[in-house]
Structure formats: C-alpha cells, structure tokens
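Engineer: File name target.cif; file contents mmCIF, C-alpha atoms; full text below.
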```
data_target
loop_
_atom_site.group_PDB
_atom_site.id
_atom_site.type_symbol
_atom_site.label_atom_id
_atom_site.label_comp_id
_atom_site.auth_asym_id
_atom_site.auth_seq_id
_atom_site.Cartn_x
_atom_site.Cartn_y
_atom_site.Cartn_z
ATOM 1 C CA MET A 1 -7.779 -22.491 66.255
ATOM 2 C CA ALA A 2 -4.926 -20.547 64.656
ATOM 3 C CA LEU A 3 -3.161 -18.051 66.881
ATOM 4 C CA PRO A 4 -2.704 -14.442 65.660
ATOM 5 C CA ALA A 5 0.703 -13.574 64.251
ATOM 6 C CA PRO A 6 3.001 -11.762 66.687
ATOM 7 C CA VAL A 7 3.566 -8.023 66.210
ATOM 8 C CA THR A 8 7.149 -7.491 65.085
ATOM 9 C CA ALA A 9 9.292 -4.399 64.784
ATOM 10 C CA SER A 10 9.098 -4.464 61.005
ATOM 11 C CA LEU A 11 5.307 -4.577 61.170
ATOM 12 C CA LEU A 12 5.212 -1.617 63.533
ATOM 13 C CA SER A 13 7.545 0.289 61.237
ATOM 14 C CA SER A 14 5.344 -0.354 58.202
ATOM 15 C CA LEU A 15 2.251 0.745 60.114
ATOM 16 C CA ALA A 16 3.971 3.906 61.292
ATOM 17 C CA ASN A 17 5.248 4.806 57.795
ATOM 18 C CA PRO A 18 2.687 3.607 55.247
ATOM 19 C CA ALA A 19 3.502 4.064 51.525
ATOM 20 C CA LEU A 20 1.834 7.100 50.031
ATOM 21 C CA VAL A 21 -0.484 6.106 47.163
ATOM 22 C CA VAL A 22 -2.253 8.839 45.236
ATOM 23 C CA PRO A 23 -5.741 7.768 44.131
ATOM 24 C CA GLY A 24 -6.123 7.415 40.360
ATOM 25 C CA THR A 25 -2.439 6.817 39.663
ATOM 26 C CA ASP A 26 -0.494 3.635 39.033
ATOM 27 C CA PRO A 27 2.707 2.815 40.884
ATOM 28 C CA SER A 28 5.970 3.387 39.044
ATOM 29 C CA PRO A 29 6.805 0.559 36.598
ATOM 30 C CA ASP A 30 9.447 -1.830 37.679
ATOM 31 C CA PRO A 31 12.538 -1.352 35.444
ATOM 32 C CA LEU A 32 13.443 -5.012 35.774
ATOM 33 C CA GLU A 33 9.931 -6.035 34.782
ATOM 34 C CA GLU A 34 10.013 -3.748 31.743
ATOM 35 C CA LYS A 35 13.414 -5.114 30.751
ATOM 36 C CA ARG A 36 12.113 -8.659 31.009
ATOM 37 C CA LYS A 37 9.102 -7.800 28.825
ATOM 38 C CA ASN A 38 11.355 -6.217 26.204
ATOM 39 C CA LYS A 39 13.451 -9.375 26.091
ATOM 40 C CA GLN A 40 10.459 -11.705 25.908
ATOM 41 C CA THR A 41 8.624 -9.856 23.136
ATOM 42 C CA TRP A 42 7.306 -13.149 21.742
ATOM 43 C CA LYS A 43 5.321 -13.532 24.970
ATOM 44 C CA TYR A 44 4.212 -9.993 25.826
ATOM 45 C CA GLN A 45 3.905 -8.382 22.364
ATOM 46 C CA GLY A 46 3.488 -11.000 19.651
ATOM 47 C CA TYR A 47 1.000 -10.649 16.829
ATOM 48 C CA ASN A 48 -1.161 -8.258 18.830
ATOM 49 C CA GLU A 49 1.555 -5.604 18.860
ATOM 50 C CA PHE A 50 2.631 -6.420 15.299
ATOM 51 C CA ALA A 51 -0.936 -5.977 14.010
ATOM 52 C CA LYS A 52 -1.312 -2.644 15.828
ATOM 53 C CA TRP A 53 1.998 -1.377 14.451
ATOM 54 C CA THR A 54 1.188 -2.564 10.914
ATOM 55 C CA ALA A 55 -2.201 -0.845 10.903
ATOM 56 C CA SER A 56 -0.810 2.408 12.327
ATOM 57 C CA ASP A 57 0.522 3.706 8.983
ATOM 58 C CA ASP A 58 0.280 2.960 5.265
ATOM 59 C CA ASP A 59 4.051 2.620 5.039
ATOM 60 C CA PHE A 60 3.909 -0.423 7.323
ATOM 61 C CA PHE A 61 0.839 -1.985 5.680
ATOM 62 C CA ILE A 62 2.413 -4.403 3.178
ATOM 63 C CA PHE A 63 1.335 -7.921 2.302
ATOM 64 C CA ARG A 64 2.005 -10.646 -0.259
ATOM 65 C CA ARG A 65 0.152 -10.702 -3.545
ATOM 66 C CA PHE A 66 0.503 -14.497 -3.938
ATOM 67 C CA GLY A 67 0.631 -14.025 -7.694
ATOM 68 C CA LYS A 68 1.689 -17.575 -8.520
ATOM 69 C CA LEU A 69 -0.951 -19.190 -6.309
ATOM 70 C CA ASN A 70 -3.706 -16.911 -7.576
ATOM 71 C CA ALA A 71 -2.755 -17.683 -11.159
ATOM 72 C CA LEU A 72 -2.654 -21.417 -10.340
ATOM 73 C CA THR A 73 -6.149 -21.268 -8.843
ATOM 74 C CA ILE A 74 -7.562 -19.362 -11.807
ATOM 75 C CA LEU A 75 -5.988 -21.859 -14.219
ATOM 76 C CA TRP A 76 -7.469 -24.756 -12.249
ATOM 77 C CA LEU A 77 -10.947 -23.194 -12.342
ATOM 78 C CA GLN A 78 -10.490 -22.543 -16.049
ATOM 79 C CA TYR A 79 -9.578 -26.208 -16.573
ATOM 80 C CA ARG A 80 -12.645 -27.428 -14.659
ATOM 81 C CA ILE A 81 -14.932 -25.118 -16.637
ATOM 82 C CA GLY A 82 -13.352 -26.294 -19.886
ATOM 83 C CA ILE A 83 -14.064 -29.940 -19.024
ATOM 84 C CA ILE A 84 -17.724 -29.135 -18.393
ATOM 85 C CA GLU A 85 -17.873 -27.108 -21.596
ATOM 86 C CA GLU A 86 -16.628 -30.082 -23.623
ATOM 87 C CA GLU A 87 -19.110 -32.479 -22.012
ATOM 88 C CA LEU A 88 -22.027 -30.095 -22.543
ATOM 89 C CA GLU A 89 -21.031 -29.726 -26.186
ATOM 90 C CA ALA A 90 -20.864 -33.527 -26.538
ATOM 91 C CA ILE A 91 -24.367 -33.908 -25.054
ATOM 92 C CA HIS A 92 -25.675 -31.248 -27.425
ATOM 93 C CA GLU A 93 -24.173 -33.023 -30.451
ATOM 94 C CA ALA A 94 -25.494 -36.393 -29.269
ATOM 95 C CA ILE A 95 -29.035 -35.066 -28.968
ATOM 96 C CA ALA A 96 -28.765 -33.332 -32.346
ATOM 97 C CA GLY A 97 -27.825 -36.634 -33.947
ATOM 98 C CA ALA A 98 -30.405 -38.757 -32.101
ATOM 99 C CA ALA A 99 -33.515 -40.106 -33.797
ATOM 100 C CA LEU A 100 -36.764 -38.150 -33.431
ATOM 101 C CA GLU A 101 -38.413 -41.132 -31.760
ATOM 102 C CA THR A 102 -36.216 -40.693 -28.676
ATOM 103 C CA GLY A 103 -37.881 -37.380 -27.849
ATOM 104 C CA ARG A 104 -34.579 -35.820 -26.841
ATOM 105 C CA LYS A 105 -34.164 -32.111 -27.624
ATOM 106 C CA ASN A 106 -31.926 -29.148 -26.951
ATOM 107 C CA SER A 107 -34.684 -26.563 -26.678
ATOM 108 C CA SER A 108 -36.077 -26.971 -23.167
ATOM 109 C CA PHE A 109 -34.554 -26.769 -19.704
ATOM 110 C CA GLN A 110 -37.781 -28.228 -18.338
ATOM 111 C CA ALA A 111 -37.378 -31.287 -20.553
ATOM 112 C CA ASP A 112 -33.767 -31.599 -19.433
ATOM 113 C CA GLU A 113 -34.919 -32.059 -15.834
ATOM 114 C CA LYS A 114 -36.651 -35.285 -16.904
ATOM 115 C CA GLN A 115 -34.549 -36.580 -19.796
ATOM 116 C CA GLU A 116 -31.074 -35.013 -19.471
ATOM 117 C CA VAL A 117 -30.239 -35.317 -15.796
ATOM 118 C CA ARG A 118 -26.517 -35.250 -16.517
ATOM 119 C CA ARG A 119 -26.786 -31.934 -18.339
ATOM 120 C CA VAL A 120 -28.744 -30.427 -15.435
ATOM 121 C CA GLN A 121 -26.042 -31.553 -13.016
ATOM 122 C CA LEU A 122 -23.323 -30.115 -15.243
ATOM 123 C CA MET A 123 -25.130 -26.771 -15.475
ATOM 124 C CA SER A 124 -25.424 -26.633 -11.711
ATOM 125 C CA ASP A 125 -21.703 -27.302 -11.290
ATOM 126 C CA LEU A 126 -20.894 -24.812 -14.039
ATOM 127 C CA SER A 127 -22.833 -21.988 -12.404
ATOM 128 C CA HIS A 128 -20.863 -22.343 -9.162
ATOM 129 C CA LEU A 129 -17.531 -22.654 -10.936
ATOM 130 C CA LEU A 130 -18.173 -19.629 -13.153
ATOM 131 C CA GLN A 131 -19.160 -17.558 -10.136
ATOM 132 C CA LYS A 132 -15.904 -18.441 -8.380
ATOM 133 C CA TYR A 133 -13.942 -17.940 -11.585
ATOM 134 C CA ASN A 134 -15.369 -14.480 -12.239
ATOM 135 C CA GLU A 135 -14.997 -13.403 -8.608
ATOM 136 C CA TYR A 136 -11.399 -14.612 -8.554
ATOM 137 C CA ILE A 137 -10.471 -12.691 -11.684
ATOM 138 C CA THR A 138 -12.228 -9.520 -10.507
ATOM 139 C CA THR A 139 -10.742 -9.504 -7.020
ATOM 140 C CA TYR A 140 -7.273 -10.544 -8.113
ATOM 141 C CA SER A 141 -7.257 -7.864 -10.815
ATOM 142 C CA ALA A 142 -7.738 -5.277 -8.067
ATOM 143 C CA VAL A 143 -4.963 -6.829 -5.975
ATOM 144 C CA ARG A 144 -2.593 -7.064 -8.928
ATOM 145 C CA ALA A 145 -3.208 -3.409 -9.813
ATOM 146 C CA ARG A 146 -1.769 -2.260 -6.481
ATOM 147 C CA ARG A 147 1.771 -0.972 -6.615
ATOM 148 C CA ARG A 148 4.643 -3.004 -5.274
ATOM 149 C CA ALA A 149 5.975 -2.229 -1.830
ATOM 150 C CA SER A 150 9.001 0.045 -1.945
ATOM 151 C CA ALA A 151 12.385 -0.926 -0.553
ATOM 152 C CA ARG A 152 11.886 1.592 2.264
ATOM 153 C CA GLN A 153 8.558 0.040 3.279
ATOM 154 C CA ILE A 154 10.042 -3.460 3.336
ATOM 155 C CA ALA A 155 13.042 -2.220 5.340
ATOM 156 C CA ASN A 156 10.681 -0.657 7.907
ATOM 157 C CA VAL A 157 8.895 -3.951 8.553
ATOM 158 C CA LYS A 158 12.127 -5.944 8.600
ATOM 159 C CA ASN A 159 13.558 -3.524 11.129
ATOM 160 C CA TRP A 160 10.536 -4.040 13.387
ATOM 161 C CA ALA A 161 10.842 -7.819 12.988
ATOM 162 C CA THR A 162 14.305 -7.760 14.574
ATOM 163 C CA ARG A 163 12.666 -7.542 18.000
ATOM 164 C CA LYS A 164 11.513 -11.159 17.409
ATOM 165 C CA ALA A 165 7.961 -10.556 18.595
ATOM 166 C CA VAL A 166 6.770 -12.810 15.761
ATOM 167 C CA THR A 167 8.156 -16.260 15.018
ATOM 168 C CA GLU A 168 10.961 -16.041 12.468
ATOM 169 C CA LYS A 169 9.379 -18.609 10.149
ATOM 170 C CA GLU A 170 6.161 -16.603 9.949
ATOM 171 C CA ILE A 171 7.918 -13.348 9.130
ATOM 172 C CA ARG A 172 9.725 -14.811 6.124
ATOM 173 C CA TYR A 173 7.030 -13.507 3.801
ATOM 174 C CA LEU A 174 9.148 -10.335 3.722
ATOM 175 C CA ASP A 175 11.766 -12.253 1.720
ATOM 176 C CA HIS A 176 9.386 -12.347 -1.269
ATOM 177 C CA THR A 177 10.164 -8.742 -2.163
ATOM 178 C CA GLY A 178 8.811 -8.997 -5.718
ATOM 179 C CA ASP A 179 5.475 -10.301 -4.445
ATOM 180 C CA LEU A 180 4.886 -7.696 -1.731
ATOM 181 C CA ILE A 181 2.287 -4.979 -2.321
ATOM 182 C CA SER A 182 1.386 -1.794 -0.486
ATOM 183 C CA ILE A 183 -2.149 -1.424 0.839
ATOM 184 C CA SER A 184 -2.066 2.222 -0.261
ATOM 185 C CA ASP A 185 -2.175 2.672 -4.046
ATOM 186 C CA ARG A 186 -2.002 6.466 -3.980
ATOM 187 C CA PRO A 187 0.858 7.592 -6.249
ATOM 188 C CA HIS A 188 3.300 10.225 -5.032
ATOM 189 C CA PRO A 189 5.671 12.373 -7.091
ATOM 190 C CA VAL A 190 9.408 11.863 -6.771
ATOM 191 C CA ILE A 191 9.870 15.056 -4.744
ATOM 192 C CA HIS A 192 7.255 13.937 -2.210
ATOM 193 C CA SER A 193 8.961 10.553 -1.843
ATOM 194 C CA PHE A 194 12.360 12.223 -1.432
ATOM 195 C CA LEU A 195 11.060 14.496 1.334
ATOM 196 C CA ASN A 196 9.352 11.562 3.028
ATOM 197 C CA ASN A 197 12.549 9.488 2.950
ATOM 198 C CA HIS A 198 15.028 12.133 4.090
ATOM 199 C CA LEU A 199 13.276 14.932 6.014
ATOM 200 C CA THR A 200 10.429 13.445 8.032
ATOM 201 C CA ARG A 201 12.643 12.072 10.812
ATOM 202 C CA LYS A 202 14.972 15.076 10.945
ATOM 203 C CA ILE A 203 12.395 17.885 10.948
ATOM 204 C CA PRO A 204 9.695 17.626 13.653
ATOM 205 C CA ILE A 205 7.299 19.879 11.725
ATOM 206 C CA PHE A 206 6.668 17.016 9.309
ATOM 207 C CA HIS A 207 5.715 14.586 12.089
ATOM 208 C CA LYS A 208 2.133 13.451 12.390
ATOM 209 C CA ARG A 209 0.156 13.873 15.596
ATOM 210 C CA ARG A 210 -0.031 10.551 17.421
ATOM 211 C CA TYR A 211 -3.266 9.049 18.680
ATOM 212 C CA GLU A 212 -3.134 6.536 21.498
ATOM 213 C CA ASP A 213 -5.666 4.137 19.993
ATOM 214 C CA THR A 214 -4.106 4.260 16.501
ATOM 215 C CA HIS A 215 -0.358 4.835 16.680
ATOM 216 C CA VAL A 216 2.422 3.057 18.519
ATOM 217 C CA ASP A 217 4.205 5.117 21.140
ATOM 218 C CA SER A 218 7.834 4.284 20.438
ATOM 219 C CA GLU A 219 10.964 6.348 20.003
ATOM 220 C CA TYR A 220 11.961 4.034 17.151
ATOM 221 C CA THR A 221 8.808 4.705 15.092
ATOM 222 C CA SER A 222 8.076 8.080 13.500
ATOM 223 C CA TYR A 223 4.961 9.015 11.552
ATOM 224 C CA ALA A 224 5.034 11.489 8.684
ATOM 225 C CA SER A 225 2.156 13.873 8.069
ATOM 226 C CA ASN A 226 1.156 13.564 4.412
ATOM 227 C CA ASN A 227 -0.829 16.792 4.626
ATOM 228 C CA ARG A 228 2.191 18.773 5.797
ATOM 229 C CA LEU A 229 4.450 17.133 3.241
ATOM 230 C CA GLU A 230 2.004 17.901 0.451
ATOM 231 C CA ALA A 231 1.604 21.496 1.629
ATOM 232 C CA PHE A 232 5.384 21.952 1.636
ATOM 233 C CA SER A 233 5.858 20.308 -1.764
ATOM 234 C CA ASN A 234 2.976 22.297 -3.290
ATOM 235 C CA SER A 235 4.424 25.534 -1.927
ATOM 236 C CA SER A 236 7.802 24.607 -3.386
ATOM 237 C CA ILE A 237 6.212 23.873 -6.768
ATOM 238 C CA ILE A 238 4.414 27.227 -6.774
ATOM 239 C CA PHE A 239 7.639 29.042 -5.906
ATOM 240 C CA LEU A 240 9.531 27.201 -8.650
ATOM 241 C CA GLY A 241 6.726 27.975 -11.099
ATOM 242 C CA PHE A 242 6.984 31.710 -10.462
ATOM 243 C CA SER A 243 10.750 31.495 -10.713
ATOM 244 C CA MET A 244 10.506 29.647 -14.031
ATOM 245 C CA LEU A 245 8.291 32.433 -15.402
ATOM 246 C CA LEU A 246 9.904 35.543 -13.964
ATOM 247 C CA GLY A 247 13.522 34.360 -14.207
ATOM 248 C CA PRO A 248 13.771 33.952 -17.995
ATOM 249 C CA MET A 249 11.580 37.018 -18.551
ATOM 250 C CA TRP A 250 14.068 39.298 -16.755
ATOM 251 C CA TRP A 251 17.063 37.478 -18.211
ATOM 252 C CA LEU A 252 15.814 37.853 -21.787
ATOM 253 C CA ASN A 253 15.277 41.540 -21.162
ATOM 254 C CA PHE A 254 19.058 42.045 -20.787
ATOM 255 C CA VAL A 255 20.141 39.815 -23.700
ATOM 256 C CA THR A 256 19.944 41.113 -27.267
ATOM 257 C CA ASN A 257 21.632 38.313 -29.193
ATOM 258 C CA ASN A 258 18.942 36.030 -30.634
ATOM 259 C CA THR A 259 21.122 32.931 -30.445
ATOM 260 C CA LYS A 260 21.772 33.460 -26.755
ATOM 261 C CA ARG A 261 18.108 34.222 -26.129
ATOM 262 C CA LEU A 262 17.163 30.984 -27.871
ATOM 263 C CA GLY A 263 19.692 29.102 -25.729
ATOM 264 C CA ILE A 264 18.147 30.587 -22.553
ATOM 265 C CA ILE A 265 14.673 29.497 -23.635
ATOM 266 C CA THR A 266 15.909 25.998 -24.521
ATOM 267 C CA GLY A 267 17.558 25.597 -21.122
ATOM 268 C CA PHE A 268 14.475 26.714 -19.189
ATOM 269 C CA VAL A 269 12.196 24.503 -21.289
ATOM 270 C CA LEU A 270 14.316 21.430 -20.525
ATOM 271 C CA LEU A 271 14.476 22.399 -16.857
ATOM 272 C CA SER A 272 10.701 22.836 -16.675
ATOM 273 C CA MET A 273 10.126 19.397 -18.218
ATOM 274 C CA VAL A 274 12.430 17.761 -15.649
ATOM 275 C CA LEU A 275 10.792 19.597 -12.743
ATOM 276 C CA MET A 276 7.272 18.718 -13.889
ATOM 277 C CA SER A 277 8.258 15.064 -14.206
ATOM 278 C CA LEU A 278 9.675 15.043 -10.664
ATOM 279 C CA ALA A 279 7.101 17.243 -8.935
ATOM 280 C CA THR A 280 3.880 15.825 -10.393
ATOM 281 C CA VAL A 281 2.316 12.468 -11.179
ATOM 282 C CA ASN A 282 1.153 13.563 -14.627
ATOM 283 C CA ARG A 283 1.410 11.215 -17.573
ATOM 284 C CA PRO A 284 4.074 11.889 -20.231
ATOM 285 C CA PHE A 285 1.744 13.514 -22.775
ATOM 286 C CA GLU A 286 0.410 15.842 -20.039
ATOM 287 C CA VAL A 287 3.971 16.890 -19.213
ATOM 288 C CA ILE A 288 4.648 17.520 -22.911
ATOM 289 C CA ALA A 289 1.466 19.600 -23.249
ATOM 290 C CA ALA A 290 2.388 21.744 -20.236
ATOM 291 C CA THR A 291 5.924 22.160 -21.587
ATOM 292 C CA ALA A 292 4.553 23.266 -24.959
ATOM 293 C CA ALA A 293 2.428 25.929 -23.254
ATOM 294 C CA TYR A 294 5.439 27.113 -21.260
ATOM 295 C CA THR A 295 7.534 27.258 -24.461
ATOM 296 C CA ALA A 296 4.852 29.419 -26.125
ATOM 297 C CA VAL A 297 4.977 31.889 -23.232
ATOM 298 C CA LEU A 298 8.778 32.177 -23.431
ATOM 299 C CA THR A 299 8.590 32.606 -27.208
ATOM 300 C CA VAL A 300 6.255 35.585 -26.697
ATOM 301 C CA PHE A 301 8.797 37.080 -24.293
ATOM 302 C CA MET A 302 11.500 36.624 -26.925
ATOM 303 C CA GLN A 303 9.450 38.327 -29.609
ATOM 304 C CA LEU A 304 8.565 41.234 -27.341
ATOM 305 C CA GLY A 305 12.254 41.696 -26.548
ATOM 306 C CA ALA A 306 13.167 41.630 -30.230
ATOM 307 C CA ASN A 307 10.549 44.277 -31.040
#
```
Rewrite the structure from the file as structure tokens, please.

Structural biologist:
Amino acid sequence: MALPAPVTASLLSSLANPALVVPGTDPSPDPLEEKRKNKQTWKYQGYNEFAKWTASDDDFFIFRRFGKLNALTILWLQYRIGIIEEELEAIHEAIAGAALETGRKNSSFQADEKQEVRRVQLMSDLSHLLQKYNEYITTYSAVRARRRASARQIANVKNWATRKAVTEKEIRYLDHTGDLISISDRPHPVIHSFLNNHLTRKIPIFHKRRYEDTHVDSEYTSYASNNRLEAFSNSSIIFLGFSMLLGPMWWLNFVTNNTKRLGIITGFVLLSMVLMSLATVNRPFEVIAATAAYTAVLTVFMQLGAN
C-alpha cells in the first residue's frame, strides 16, 4: 500500500493562498507559448489559417487559371473526337459502297446494334467525349473571362506568405502572375481603385466591420468597406458634376469674347471626358455620348450669353 505524501510548507502555502479563477474566463495566455506558436506557423496555422484568411476578402481570393493546361486538355479532347469522327465517316462510306446483299445500311440505329457493333461503340465513346468537351469549353470560358489579379492583390498574398505557414514549394503558384485571376469579376473605376489603394488603411472610416467567424483578427490585415468607398466616390462624382455645370456657367457670364468663351467650353469638355473615364466604368461610346450632351448644355450657355 502506498503511503500518503507528506504535507510540506509549499503545499500549506498553496492551500492558504489558492489562485483566484473567475468562472467563465480563460487564464492569461502565456507570452512564451504565443511566441513559440508565431515562430512555428507551419505547425499551428498552416493551410487552415491560410484558407480562412484567403476567404475573408475578395482582394485575397486569387487563384491560377491554368490556361496552358486547360487548352492542352481541350485540344486532346478535340483530337480524340476527331479520330472518332474520321472512323464514323469511314464506316458510313463503307456501308454506302457495300452490295445490297449484305443488308448493311446507314438508316437505322436499331440495325446498327446487330450489324455495326463498332459504330455503336464509337457513338457511345463519342457521347461521353463530347459531353466532357462541351463542359470544359463552357466552364473554362467562364474562368478565362475573369479579370487578372492586380499587382496589389498578388502583393497582399505574398506578404502573408512570408510568415511561412504554408510550405514554400506550394506557395510558388504566386510566381505565375500572368496566370492568376481574381475570384471577384466586379469592375471598379480608377478613382475607386485609387481610394482603395491609398486611403483605406490611413482613414478608419473606410474600414469594414470585422466578424469573428469571417475575418482574421490581425493588426497586419485591414479590410476596406466597399459600400463606404462607393458612397464616398459617388458623393465626389456628384459634387464634381455640379461643379462642372455651375462653374463654366458663371465663368461664361463674365466673359464676352467669343474666342475665350469657346476656349473655356473646350477646356471643360476635355476635363469632363477625363473625369468620366476615371470615375465610371462606362464604355468609350457611352463616355462620348455623355460628353456630347454636356457640350450641348455648355453651347446653350454660350448662346444665351451672346444674346
């Protein structure tokens, strides 16, 4: 039988001064333990943390298009289908040239099941290959239509990769910059991109609210609120629009020389075209149409001033 352990002074001291533990709270994290986890990111973070960070924002969600491999696969399927096409055509010509006594014909699938077993097999293979071929082209067309990842998006992921939570060899897909695509294909005007690149980190009002189950809580990762950015850029566009209308109207009112008035209109028309190209995602002919309407308004102002 084991004897009970003797009561020592240290034991009495611990009984007299027990550690205070508040129910429902965790003890303070050990700084040394946290430091060790930050050094061994490959063990404690790994792909689990990388996947969570990647999915937390569209700017981090970039992947390879594998354009060369997709094209290679489509070409291979095309080759296989072409071989079957040639053999089916040869069977058709052979039957067309056969004597009537053979009973062979090109008019019945039911007859093929008895007489043209090879053609039935080829048709079965062809149906599967065509299905894969069509699906490949359809799905890859959607992938290829997505815009390429921007230099800022690639830099974001590369910066995260420096913590070495993912094996270096498996993060090298970032080196294929021309083959990387963004999961978000929503176009943004140049002004929106400029604000997102230069103001989101400096001005807290543009930061997005973080959710524990969606975003990564890190001082090195900031999330921009697209709604706030769009509201700010739209407000700026409205203000510039009023300025572009009222500014030349008042200016023309104080200028009597027609040559100078025409120069003022020309300058504002060029400025409006530049601003519309930077502040919107309109196509060129839409920008030209809007500029033409703006020019007509300024021309009316000029005529009113002349009268």

Engineer: Between A:Gln121, A:Thr41, A:Ser272, A:Ser127, which residue has the minimum interatomic distance to Ala289 in chain A, considering only C-alpha atoms?

Structural biologist: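 The answer is A:Ser272, which sits nearest to Ala289 in chain A.
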
Engineer: Quick check, in Å to one decimal: how far apart do CA of Arg144 in chain A and CA of Phe285 in chain A lie?

Structural biologist: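 Computed distance, CA of Arg144 in chain A to CA of Phe285 in chain A, equals 25.2 Å.
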
Engineer: When distances are computed from only C-alpha atoms, which of A:Ile91, A:Ala149, A:Gly103, A:Leu262 shows the smallest separation from Val120 in chain A?

Structural biologist: A:Ile91

Engineer: Given the file shown, enumerate the residues that the PyMOL selection byres ((chain A and resi 74-82) around 10) captures and present them as a count of residues only.

Structural biologist: 25

Engineer: Can you list, as a PyMOL selection string, the residues that the PyMOL selection byres ((chain A and resi 295) around 12) selects here?

Structural biologist: chain A and resi 244-245+248+262+264-273+288-294+296-302

Engineer: Show me, as JSON, the centre and edge lengths in Å to one decimal of the axis-aligned box that covers every listed atom of range 132-151 of chain A with 4 Å on each side.

Structural biologist:
```
{"center_x": -1.8, "center_y": -9.2, "center_z": -6.4, "size_x": 36.3, "size_y": 26.5, "size_z": 19.7}
```

Engineer: Kindly indicate which residue among A:Asn156, A:Gln115, A:Ser108, A:Ser150 lies nearest to Trp53 in chain A, using only C-alpha atoms for the distances.

Structural biologist: A:Asn156

Engineer: Between CA of Ala165 in chain A and CA of Phe50 in chain A, what distance in Å does the model show, to one decimal?

Structural biologist: 7.5 Å

Engineer: Could you tell me which of A:Gln153, A:Ser233, A:Gln45, A:Asn258 comes closest to Thr280 in chain A if we count all atoms listed in the file?

Structural biologist: A:Ser233

Engineer: Just checking: using only C-alpha atoms, which residue out of A:Asp59, A:Leu100, A:Ile238, A:Thr167 ends up closest to Ala151 in chain A?

Structural biologist: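 Checking each of A:Asp59, A:Leu100, A:Ile238, A:Thr167 against Ala151 in chain A, counting only C-alpha atoms, the winner is A:Asp59.
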
Engineer: Kindly add all heavy atoms to the incomplete range 107-113 of chain A and provide the output as an mmCIF file, in the coordinates of the input.

Structural biologist:
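That gives us rebuild.cif:
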```cif
data_model
loop_
_atom_site.group_PDB
_atom_site.id
_atom_site.type_symbol
_atom_site.label_atom_id
_atom_site.label_comp_id
_atom_site.auth_asym_id
_atom_site.auth_seq_id
_atom_site.Cartn_x
_atom_site.Cartn_y
_atom_site.Cartn_z
ATOM 1 N N SER A 107 -33.936 -27.826 -26.711
ATOM 2 C CA SER A 107 -34.684 -26.563 -26.678
ATOM 3 C C SER A 107 -35.398 -26.286 -25.369
ATOM 4 O O SER A 107 -36.083 -25.265 -25.247
ATOM 5 C CB SER A 107 -35.719 -26.552 -27.816
ATOM 6 O OG SER A 107 -36.640 -27.639 -27.668
ATOM 7 N N SER A 108 -35.277 -27.165 -24.377
ATOM 8 C CA SER A 108 -36.077 -26.971 -23.167
ATOM 9 C C SER A 108 -35.302 -27.388 -21.922
ATOM 10 O O SER A 108 -34.852 -28.535 -21.812
ATOM 11 C CB SER A 108 -37.376 -27.777 -23.255
ATOM 12 O OG SER A 108 -38.089 -27.714 -22.042
ATOM 13 N N PHE A 109 -35.154 -26.432 -20.991
ATOM 14 C CA PHE A 109 -34.554 -26.769 -19.704
ATOM 15 C C PHE A 109 -35.497 -27.640 -18.874
ATOM 16 O O PHE A 109 -35.054 -28.476 -18.085
ATOM 17 C CB PHE A 109 -34.220 -25.497 -18.921
ATOM 18 C CG PHE A 109 -33.028 -24.742 -19.469
ATOM 19 C CD1 PHE A 109 -33.117 -23.399 -19.770
ATOM 20 C CD2 PHE A 109 -31.816 -25.391 -19.674
ATOM 21 C CE1 PHE A 109 -32.026 -22.711 -20.271
ATOM 22 C CE2 PHE A 109 -30.721 -24.708 -20.172
ATOM 23 C CZ PHE A 109 -30.828 -23.359 -20.477
ATOM 24 N N GLN A 110 -36.806 -27.427 -19.076
ATOM 25 C CA GLN A 110 -37.781 -28.228 -18.338
ATOM 26 C C GLN A 110 -37.699 -29.689 -18.757
ATOM 27 O O GLN A 110 -37.785 -30.603 -17.922
ATOM 28 C CB GLN A 110 -39.181 -27.677 -18.584
ATOM 29 C CG GLN A 110 -40.257 -28.392 -17.765
ATOM 30 C CD GLN A 110 -41.631 -27.770 -17.966
ATOM 31 O OE1 GLN A 110 -41.813 -26.923 -18.831
ATOM 32 N NE2 GLN A 110 -42.598 -28.188 -17.176
ATOM 33 N N ALA A 111 -37.513 -29.913 -20.072
ATOM 34 C CA ALA A 111 -37.378 -31.287 -20.553
ATOM 35 C C ALA A 111 -36.079 -31.913 -20.067
ATOM 36 O O ALA A 111 -36.016 -33.129 -19.810
ATOM 37 C CB ALA A 111 -37.435 -31.303 -22.079
ATOM 38 N N ASP A 112 -35.049 -31.088 -19.926
ATOM 39 C CA ASP A 112 -33.767 -31.599 -19.433
ATOM 40 C C ASP A 112 -33.897 -32.174 -18.029
ATOM 41 O O ASP A 112 -33.217 -33.150 -17.665
ATOM 42 C CB ASP A 112 -32.727 -30.481 -19.425
ATOM 43 C CG ASP A 112 -32.175 -30.209 -20.818
ATOM 44 O OD1 ASP A 112 -32.500 -30.972 -21.741
ATOM 45 O OD2 ASP A 112 -31.420 -29.217 -20.973
ATOM 46 N N GLU A 113 -34.759 -31.576 -17.211
ATOM 47 C CA GLU A 113 -34.919 -32.059 -15.834
ATOM 48 C C GLU A 113 -35.445 -33.492 -15.795
ATOM 49 O O GLU A 113 -35.224 -34.212 -14.815
ATOM 50 C CB GLU A 113 -35.855 -31.119 -15.068
ATOM 51 C CG GLU A 113 -35.270 -29.718 -14.853
ATOM 52 C CD GLU A 113 -36.229 -28.809 -14.118
ATOM 53 O OE1 GLU A 113 -37.376 -29.252 -13.860
ATOM 54 O OE2 GLU A 113 -35.842 -27.666 -13.804
#
```
